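S.K.: This one is my_file.cif, mmCIF, C-alpha atoms.
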```cif
data_query
#
loop_
_atom_site.label_atom_id
_atom_site.label_comp_id
_atom_site.auth_asym_id
_atom_site.auth_seq_id
_atom_site.Cartn_x
_atom_site.Cartn_y
_atom_site.Cartn_z
CA MET F 1 -13.29 56.49 37.63
CA GLN F 2 -15.28 57.59 34.60
CA PRO F 3 -14.74 55.52 31.43
CA LEU F 4 -12.72 57.18 28.69
CA PRO F 5 -14.86 58.75 25.93
CA ASP F 6 -14.23 56.09 23.28
CA GLN F 7 -14.99 53.03 25.39
CA THR F 8 -17.75 51.36 27.32
CA PRO F 9 -17.15 50.66 31.03
CA TYR F 10 -14.66 47.85 31.36
CA PRO F 11 -16.13 44.51 32.53
CA GLN F 12 -15.31 42.81 35.82
CA TYR F 13 -14.04 39.24 35.56
CA GLY F 14 -15.01 36.30 37.74
CA TRP F 15 -12.40 33.94 39.13
CA GLY F 16 -12.82 31.42 36.32
CA LYS F 17 -11.92 33.92 33.63
CA ILE F 18 -9.19 35.50 35.78
CA LEU F 19 -7.45 32.15 36.22
CA GLY F 20 -7.88 31.26 32.55
CA VAL F 21 -6.40 34.58 31.41
CA THR F 22 -3.47 34.01 33.80
CA PHE F 23 -2.63 30.36 33.21
CA LEU F 24 -3.11 30.24 29.44
CA PRO F 25 -0.01 32.38 28.71
CA GLY F 26 1.87 30.82 31.64
CA VAL F 27 1.43 27.28 30.30
CA ALA F 28 2.19 28.47 26.76
CA MET F 29 5.51 29.90 27.91
CA ILE F 30 6.34 26.62 29.65
CA LEU F 31 5.77 24.81 26.34
CA ILE F 32 7.94 27.33 24.50
CA GLY F 33 10.58 26.90 27.20
CA ILE F 34 10.58 23.14 26.54
CA ILE F 35 10.53 23.42 22.74
CA VAL F 36 13.31 25.98 22.48
CA PRO F 37 16.02 23.84 24.18
CA VAL F 38 14.82 20.70 22.37
CA PHE F 39 15.45 22.34 19.02
CA GLY F 40 18.80 23.63 20.18
CA PHE F 41 18.10 27.35 19.97
CA MET F 42 19.50 27.96 23.42
CA HIS F 43 22.87 26.40 22.69
CA ASP F 44 23.85 29.96 21.86
CA ALA F 45 23.07 32.33 24.72
CA ASN F 46 22.53 35.11 22.17
CA LEU F 47 19.23 33.48 21.21
CA LEU F 48 17.78 33.72 24.68
CA GLY F 49 16.13 36.79 23.19
CA VAL F 50 14.05 34.50 20.98
CA TYR F 51 12.23 33.28 24.09
CA TYR F 52 11.62 36.80 25.38
CA LEU F 53 10.35 37.98 22.02
CA ALA F 54 8.03 34.97 21.72
CA GLU F 55 6.56 35.91 25.10
CA ALA F 56 5.94 39.50 24.03
CA VAL F 57 4.21 38.39 20.82
CA LEU F 58 2.10 35.80 22.65
CA LEU F 59 0.89 38.30 25.25
CA TYR F 60 0.09 40.89 22.59
CA TYR F 61 -2.12 38.54 20.61
CA LEU F 62 -3.83 37.21 23.74
CA LEU F 63 -4.51 40.81 24.79
CA ARG F 64 -6.09 41.51 21.41
CA TYR F 65 -8.12 38.29 21.53
CA PHE F 66 -9.58 38.88 25.01
CA THR F 67 -10.31 42.54 24.26
CA GLN F 68 -12.11 41.63 21.04
CA LYS F 69 -14.30 39.26 23.05
CA GLU F 70 -15.52 42.36 24.87
CA GLY F 71 -15.94 44.45 21.72
CA GLU F 72 -13.76 46.03 19.05
CA PHE F 73 -10.07 46.12 19.98
CA THR F 74 -8.61 49.52 20.80
CA TRP F 75 -5.80 50.30 23.22
CA ARG F 76 -8.20 52.53 25.16
CA ARG F 77 -10.60 49.64 25.61
CA ALA F 78 -7.85 47.14 26.40
CA LEU F 79 -6.07 49.43 28.89
CA PRO F 80 -8.67 51.61 30.63
CA TRP F 81 -6.28 52.90 33.30
CA GLN F 82 -4.39 55.64 31.46
CA GLN F 83 -5.12 58.58 33.74
CA PRO F 84 -3.12 61.67 32.60
CA MET F 85 -0.40 62.82 35.01
CA VAL F 86 1.99 65.72 35.44
CA ARG F 87 5.15 64.71 33.56
CA ALA F 88 7.53 65.38 36.46
CA THR F 89 5.38 63.31 38.81
CA PHE F 90 5.17 60.50 36.28
CA TRP F 91 8.93 60.18 35.82
CA ALA F 92 9.63 60.60 39.54
CA LEU F 93 7.35 57.63 40.22
CA VAL F 94 8.96 55.61 37.41
CA ILE F 95 12.41 56.16 38.92
CA ALA F 96 11.25 55.49 42.48
CA VAL F 97 9.46 52.24 41.64
CA SER F 98 12.38 51.07 39.47
CA LEU F 99 14.84 51.66 42.31
CA TYR F 100 12.53 49.83 44.71
CA ALA F 101 12.39 46.77 42.45
CA ILE F 102 16.14 46.77 41.70
CA PHE F 103 16.98 47.10 45.39
CA PHE F 104 14.85 44.15 46.44
CA ARG F 105 16.08 41.99 43.56
CA ASP F 106 19.80 42.76 43.59
CA TYR F 107 20.77 44.18 46.97
CA PHE F 108 18.32 43.09 49.64
CA ALA F 109 19.70 39.94 51.30
CA TRP F 110 17.13 37.74 53.01
CA PRO F 111 18.95 34.48 53.80
CA SER F 112 15.82 32.44 54.46
CA LEU F 113 14.31 33.36 51.08
CA ASN F 114 17.56 32.68 49.24
CA SER F 115 18.01 29.36 51.02
CA MET F 116 14.47 28.33 50.12
CA ALA F 117 15.03 29.21 46.46
CA MET F 118 18.32 27.31 46.28
CA SER F 119 16.74 24.31 48.03
CA LEU F 120 13.86 24.23 45.55
CA MET F 121 16.25 24.43 42.61
CA ASP F 122 18.20 21.45 43.99
CA LYS F 123 15.02 19.45 44.53
CA MET F 124 13.43 20.29 41.16
CA PRO F 125 16.07 19.65 38.48
CA TRP F 126 13.32 17.89 36.52
CA TRP F 127 11.34 21.11 36.09
CA PRO F 128 11.26 21.45 32.26
CA PRO F 129 12.36 25.05 31.74
CA SER F 130 15.34 24.65 34.08
CA SER F 131 16.79 21.98 31.79
CA GLY F 132 18.04 24.42 29.21
CA LEU F 133 16.09 27.64 28.99
CA TYR F 134 18.67 29.74 30.79
CA PRO F 135 22.17 28.78 29.67
CA GLY F 136 24.76 28.70 32.41
CA ARG F 137 27.47 30.21 30.25
CA ALA F 138 27.90 33.54 28.52
CA PRO F 139 28.97 33.65 24.87
CA GLN F 140 32.70 33.99 24.35
CA TYR F 141 34.05 36.63 21.98
CA PRO F 142 37.59 37.52 20.94
CA ALA F 143 39.07 40.26 23.10
CA ASP F 144 38.76 42.81 20.31
CA ASP F 145 35.24 41.84 19.20
CA SER F 146 33.44 44.67 20.92
CA THR F 147 30.84 44.92 18.13
CA ALA F 148 29.57 41.37 18.72
CA LEU F 149 29.44 42.01 22.46
CA ILE F 150 27.39 45.19 22.03
CA ILE F 151 25.01 43.52 19.56
CA HIS F 152 24.54 40.60 21.97
CA TYR F 153 23.52 42.75 24.92
CA VAL F 154 21.50 45.27 22.90
CA TRP F 155 19.52 42.40 21.37
CA LEU F 156 18.83 40.95 24.82
CA MET F 157 17.81 44.36 26.18
CA VAL F 158 15.41 44.92 23.28
CA ALA F 159 13.88 41.45 23.62
CA VAL F 160 13.56 41.46 27.41
CA GLY F 161 12.28 45.05 27.27
CA ALA F 162 9.51 44.01 24.89
CA ALA F 163 8.58 41.05 27.09
CA SER F 164 8.62 43.22 30.23
CA ALA F 165 6.40 45.87 28.65
CA MET F 166 3.87 43.29 27.45
CA GLN F 167 3.83 41.49 30.81
CA THR F 168 2.88 44.69 32.60
CA ILE F 169 0.45 45.81 29.91
CA TYR F 170 -1.25 42.41 30.09
CA PHE F 171 -1.39 41.97 33.88
CA ARG F 172 -1.56 45.54 35.22
CA GLY F 173 -3.03 47.28 32.21
CA PHE F 174 -5.58 44.71 31.02
CA LEU F 175 -6.31 42.32 33.90
CA LEU F 176 -6.04 44.52 37.02
CA PRO F 177 -8.84 46.93 36.00
CA ARG F 178 -11.05 43.89 35.36
CA MET F 179 -10.45 42.82 38.97
CA ASP F 180 -11.42 46.22 40.37
CA ARG F 181 -14.48 44.78 42.13
CA PHE F 182 -12.09 43.31 44.73
CA GLY F 183 -10.92 46.78 45.77
CA TRP F 184 -7.35 47.00 47.06
CA TRP F 185 -7.30 43.21 47.41
CA ALA F 186 -7.14 43.17 43.61
CA VAL F 187 -3.54 44.40 43.86
CA LEU F 188 -2.49 41.43 45.98
CA TYR F 189 -4.45 38.93 43.90
CA ASN F 190 -3.07 40.37 40.67
CA SER F 191 0.49 40.30 42.00
CA LEU F 192 0.13 36.68 43.08
CA LEU F 193 -1.19 35.78 39.63
CA PHE F 194 1.70 37.64 38.01
CA VAL F 195 4.13 35.64 40.14
CA VAL F 196 2.47 32.33 39.29
CA PHE F 197 2.54 33.29 35.59
CA HIS F 198 6.32 32.83 35.86
CA LEU F 199 5.96 29.06 35.84
CA ALA F 200 9.47 28.80 34.45
CA SER F 201 10.91 30.05 37.77
CA PRO F 202 8.82 28.68 40.66
CA PHE F 203 11.91 28.70 42.89
CA PHE F 204 11.84 32.49 43.03
CA TRP F 205 8.12 33.16 43.46
CA ALA F 206 8.60 34.68 46.92
CA HIS F 207 11.28 37.02 45.56
CA PHE F 208 9.06 37.98 42.63
CA LEU F 209 6.20 38.94 44.93
CA ILE F 210 8.37 41.25 47.03
CA PHE F 211 9.88 43.23 44.18
CA THR F 212 6.87 43.29 41.81
CA ILE F 213 3.93 44.10 44.09
CA MET F 214 4.77 47.81 43.92
CA TRP F 215 3.84 47.82 40.22
CA GLY F 216 0.34 46.75 41.16
CA VAL F 217 0.16 49.27 44.01
CA ILE F 218 1.27 52.20 41.86
CA THR F 219 -1.03 51.24 38.98
CA TYR F 220 -4.06 50.89 41.24
CA ALA F 221 -3.32 54.11 43.14
CA THR F 222 -2.69 56.31 40.09
CA ARG F 223 -4.99 54.57 37.57
CA ASN F 224 -2.06 54.88 35.16
CA VAL F 225 -0.45 51.67 33.87
CA TRP F 226 2.45 53.38 32.08
CA ILE F 227 4.42 54.06 35.27
CA ALA F 228 4.63 50.32 35.87
CA VAL F 229 5.36 49.59 32.19
CA PHE F 230 8.37 51.92 32.03
CA SER F 231 9.59 50.80 35.45
CA HIS F 232 9.40 47.11 34.52
CA VAL F 233 11.36 47.72 31.31
CA ILE F 234 14.05 49.63 33.21
CA PHE F 235 14.17 46.94 35.89
CA ASN F 236 14.67 44.05 33.47
CA THR F 237 17.08 45.77 31.05
CA TYR F 238 19.22 47.24 33.83
CA GLY F 239 20.95 43.91 34.50
CA TYR F 240 22.02 43.43 30.87
CA LEU F 241 23.15 47.04 30.59
CA TRP F 242 25.27 46.60 33.72
CA LEU F 243 26.87 43.45 32.29
CA LEU F 244 27.64 45.26 29.03
CA LEU F 245 29.30 48.16 30.88
CA ALA F 246 31.20 45.69 33.08
CA ASN F 247 32.62 43.99 30.00
CA PHE F 248 34.15 47.31 28.99
CA GLY F 249 35.46 47.94 32.51
CA LEU F 250 33.13 50.89 33.11
CA VAL F 251 31.50 49.42 36.24
CA SER F 252 32.34 46.64 38.67
CA PRO F 253 30.97 43.22 37.62
#
```
Hey, can you dump this file as structure tokens for me?
M.R.:
Amino acid sequence: MQPLPDQTPYPQYGWGKILGVTFLPGVAMILIGIIVPVFGFMHDANLLGVYYLAEAVLLYYLLRYFTQKEGEFTWRRALPWQQPMVRATFWALVIAVSLYAIFFRDYFAWPSLNSMAMSLMDKMPWWPPSSGLYPGRAPQYPADDSTALIIHYVWLMVAVGAASAMQTIYFRGFLLPRMDRFGWWAVLYNSLLFVVFHLASPFFWAHFLIFTIMWGVITYATRNVWIAVFSHVIFNTYGYLWLLLANFGLVSP
């Protein structure tokens, strides 16, 4: 691939820098996951969005920092894989990859994987983020308080959408091109690093790998990160949208 006109060829990272770029935000999110429950923010499930938004902001500033180490920050320099595509093809791929991820997260039953995840959760109650990051209860509203319900879910969709977009921009848009020297193996390595980045949920790493690897495949094959970005946002906001519609009786819970 030829570099875009306003950028120098993107560098290729060694394993030391790759691991540093991966684990720095992962550890930072663990610390945020510990601090947030300690200060009581998560006593209200509405404020789960605070955690998501903090993740989006953190990844954005890390992206800027690492890009500036290579030269002046521009989005073209930070995200070299933005190959133009036919619009119909682009959106067809977005929909296809989104359906793939949703299917393997919500509908594909693999008892051995689920059993392993549940077993790990039982054996690791001490894992810091699991102590309070994800509240086990939904906020309760009066039966006629539809406005509060809508605001709750819209806020969560905006926050998780921002975090999802920045996760993909950071890992598939910024890091994956800088692993291009590994060829197609870069997709697997990048997907494994993306899974490990989710240090808050080690119980579900195997699940994450199955339903997220396609984002790496499609980005590497098309040299266009935006398919994966839009798909990831759809994938992560879909669950909250479904819950909102279920609360109004429009779909089955």
S.K.: Place a sphere of radius 10 Å on (5.8, 43.2, 44.4) in the file coordinates and name every protein, DNA or RNA residue with an atom inside or on its surface, counting all atoms listed in the file; give the answer as a list in words.
M.R.: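 Using all atoms listed in the file, the matching residues come out as Tyr100, Ala101, Phe104, Val187, Leu188, Ser191, Leu192, Phe194, Val195, Ala206, His207, Phe208, Leu209, Ile210, Phe211, Thr212, Ile213, Met214, Trp215, Gly216 and Val217 of chain F.
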S.K.: Mind dumping the selected residues with C-alpha atoms as a JSON list (two decimals), in the frame of the given file?
M.R.:
```json
[["chain", "number", "residue", "atom", "x", "y", "z"],
["F", 100, "TYR", "CA", 12.53, 49.83, 44.71],
["F", 101, "ALA", "CA", 12.39, 46.77, 42.45],
["F", 104, "PHE", "CA", 14.85, 44.15, 46.44],
["F", 187, "VAL", "CA", -3.54, 44.40, 43.86],
["F", 188, "LEU", "CA", -2.49, 41.43, 45.98],
["F", 191, "SER", "CA", 0.49, 40.30, 42.00],
["F", 192, "LEU", "CA", 0.13, 36.68, 43.08],
["F", 194, "PHE", "CA", 1.70, 37.64, 38.01],
["F", 195, "VAL", "CA", 4.13, 35.64, 40.14],
["F", 206, "ALA", "CA", 8.60, 34.68, 46.92],
["F", 207, "HIS", "CA", 11.28, 37.02, 45.56],
["F", 208, "PHE", "CA", 9.06, 37.98, 42.63],
["F", 209, "LEU", "CA", 6.20, 38.94, 44.93],
["F", 210, "ILE", "CA", 8.37, 41.25, 47.03],
["F", 211, "PHE", "CA", 9.88, 43.23, 44.18],
["F", 212, "THR", "CA", 6.87, 43.29, 41.81],
["F", 213, "ILE", "CA", 3.93, 44.10, 44.09],
["F", 214, "MET", "CA", 4.77, 47.81, 43.92],
["F", 215, "TRP", "CA", 3.84, 47.82, 40.22],
["F", 216, "GLY", "CA", 0.34, 46.75, 41.16],
["F", 217, "VAL", "CA", 0.16, 49.27, 44.01]]
```
S.K.: Using the chain letters and numbering of this document, enumerate as a ChimeraX atom specification the residues selected by the PyMOL selection byres ((chain F and resi 84-98) around 6).
M.R.: /F:83,99-101,227,231,235
S.K.: Looking at all atoms listed in the file, which of F:Ile234, F:Ile30, F:Val21, F:Leu120 is the one that sits closest to Ser164 in chain F?
M.R.: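 Among the listed residues, F:Ile234 lies closest to Ser164 in chain F.
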S.K.: Just so the selection is clear, what residues does the PyMOL selection byres ((chain F and resi 243) around 12) cover here, as a list in words?
M.R.: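 Taken on the displayed file, the PyMOL selection byres ((chain F and resi 243) around 12) yields the residues Ala138, Leu149, Ile150, His152, Tyr153, Val154, Leu156, Met157, Thr237, Tyr238, Gly239, Tyr240, Leu241, Trp242, Leu244, Leu245, Ala246, Asn247, Phe248, Gly249, Leu250, Val251, Ser252 and Pro253 of chain F.
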S.K.: Please enclose the listed atoms of range 60-70 of chain F in an axis-aligned box, pad each side by 4 Å, and write out the centre and the three edge lengths in Å, rounded to one decimal, as AutoDock Vina command-line options.
M.R.:
```
--center_x -7.7 --center_y 39.9 --center_z 22.8 --size_x 23.6 --size_y 13.3 --size_z 12.4
```
S.K.: Would you work out the distance separating CA of Trp15 in chain F from CA of Phe182 in chain F, expressed in Å to one decimal?
M.R.: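 Separation between CA of Trp15 in chain F and CA of Phe182 in chain F: 10.9 Å.
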S.K.: State, in Å with one decimal place, the distance from CA of Met116 in chain F to CA of His232 in chain F.
M.R.: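 Going from CA of Met116 in chain F over to CA of His232 in chain F covers 24.9 Å.
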S.K.: With distances taken over only C-alpha atoms, which of F:Asp122, F:Asp180, F:Glu70, F:Asp145 is nearest to Phe203 in chain F?
M.R.: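 Of F:Asp122, F:Asp180, F:Glu70, F:Asp145, the one nearest Phe203 in chain F, counting only C-alpha atoms, is F:Asp122.
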S.K.: If I take CA of Arg172 in chain F and CA of Gln68 in chain F, how far is one from the other in Å, to one decimal?
M.R.: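 So the two atoms, CA of Arg172 in chain F and CA of Gln68 in chain F, lie 18.1 Å apart.
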S.K.: Taking the file above as input, evaluate the PyMOL selection byres ((chain F and resi 19) around 12) and report the hits as a CSV table (one decimal) with C-alpha atoms, in the coordinates of the input.
M.R.:
```csv
chain,number,residue,atom,x,y,z
F,13,TYR,CA,-14.0,39.2,35.6
F,14,GLY,CA,-15.0,36.3,37.7
F,15,TRP,CA,-12.4,33.9,39.1
F,16,GLY,CA,-12.8,31.4,36.3
F,17,LYS,CA,-11.9,33.9,33.6
F,18,ILE,CA,-9.2,35.5,35.8
F,20,GLY,CA,-7.9,31.3,32.6
F,21,VAL,CA,-6.4,34.6,31.4
F,22,THR,CA,-3.5,34.0,33.8
F,23,PHE,CA,-2.6,30.4,33.2
F,24,LEU,CA,-3.1,30.2,29.4
F,25,PRO,CA,0.0,32.4,28.7
F,26,GLY,CA,1.9,30.8,31.6
F,27,VAL,CA,1.4,27.3,30.3
F,171,PHE,CA,-1.4,42.0,33.9
F,175,LEU,CA,-6.3,42.3,33.9
F,179,MET,CA,-10.4,42.8,39.0
F,189,TYR,CA,-4.4,38.9,43.9
F,190,ASN,CA,-3.1,40.4,40.7
F,192,LEU,CA,0.1,36.7,43.1
F,193,LEU,CA,-1.2,35.8,39.6
F,194,PHE,CA,1.7,37.6,38.0
F,196,VAL,CA,2.5,32.3,39.3
F,197,PHE,CA,2.5,33.3,35.6
```
S.K.: Taking into account only C-alpha atoms, which residue in the set F:Trp127, F:Arg105, F:Phe230, F:Pro11 is nearest to Leu199 in chain F?
M.R.: F:Trp127
S.K.: Residues at most 8 Å from Phe174 in chain F, counting all atoms listed in the file, excluding those fewer than 4 positions away in the same chain, as a list of chain:residue names?
M.R.: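 Non-adjacent residues within range: F:Leu63, F:Ala78, F:Leu79, F:Pro80, F:Ile169, F:Tyr170, F:Arg178.
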S.K.: Smallest atom-to-atom distance to Arg77 in chain F: which of F:Ser119, F:Pro9, F:Tyr52, F:Trp226, using only C-alpha atoms?
M.R.: F:Pro9
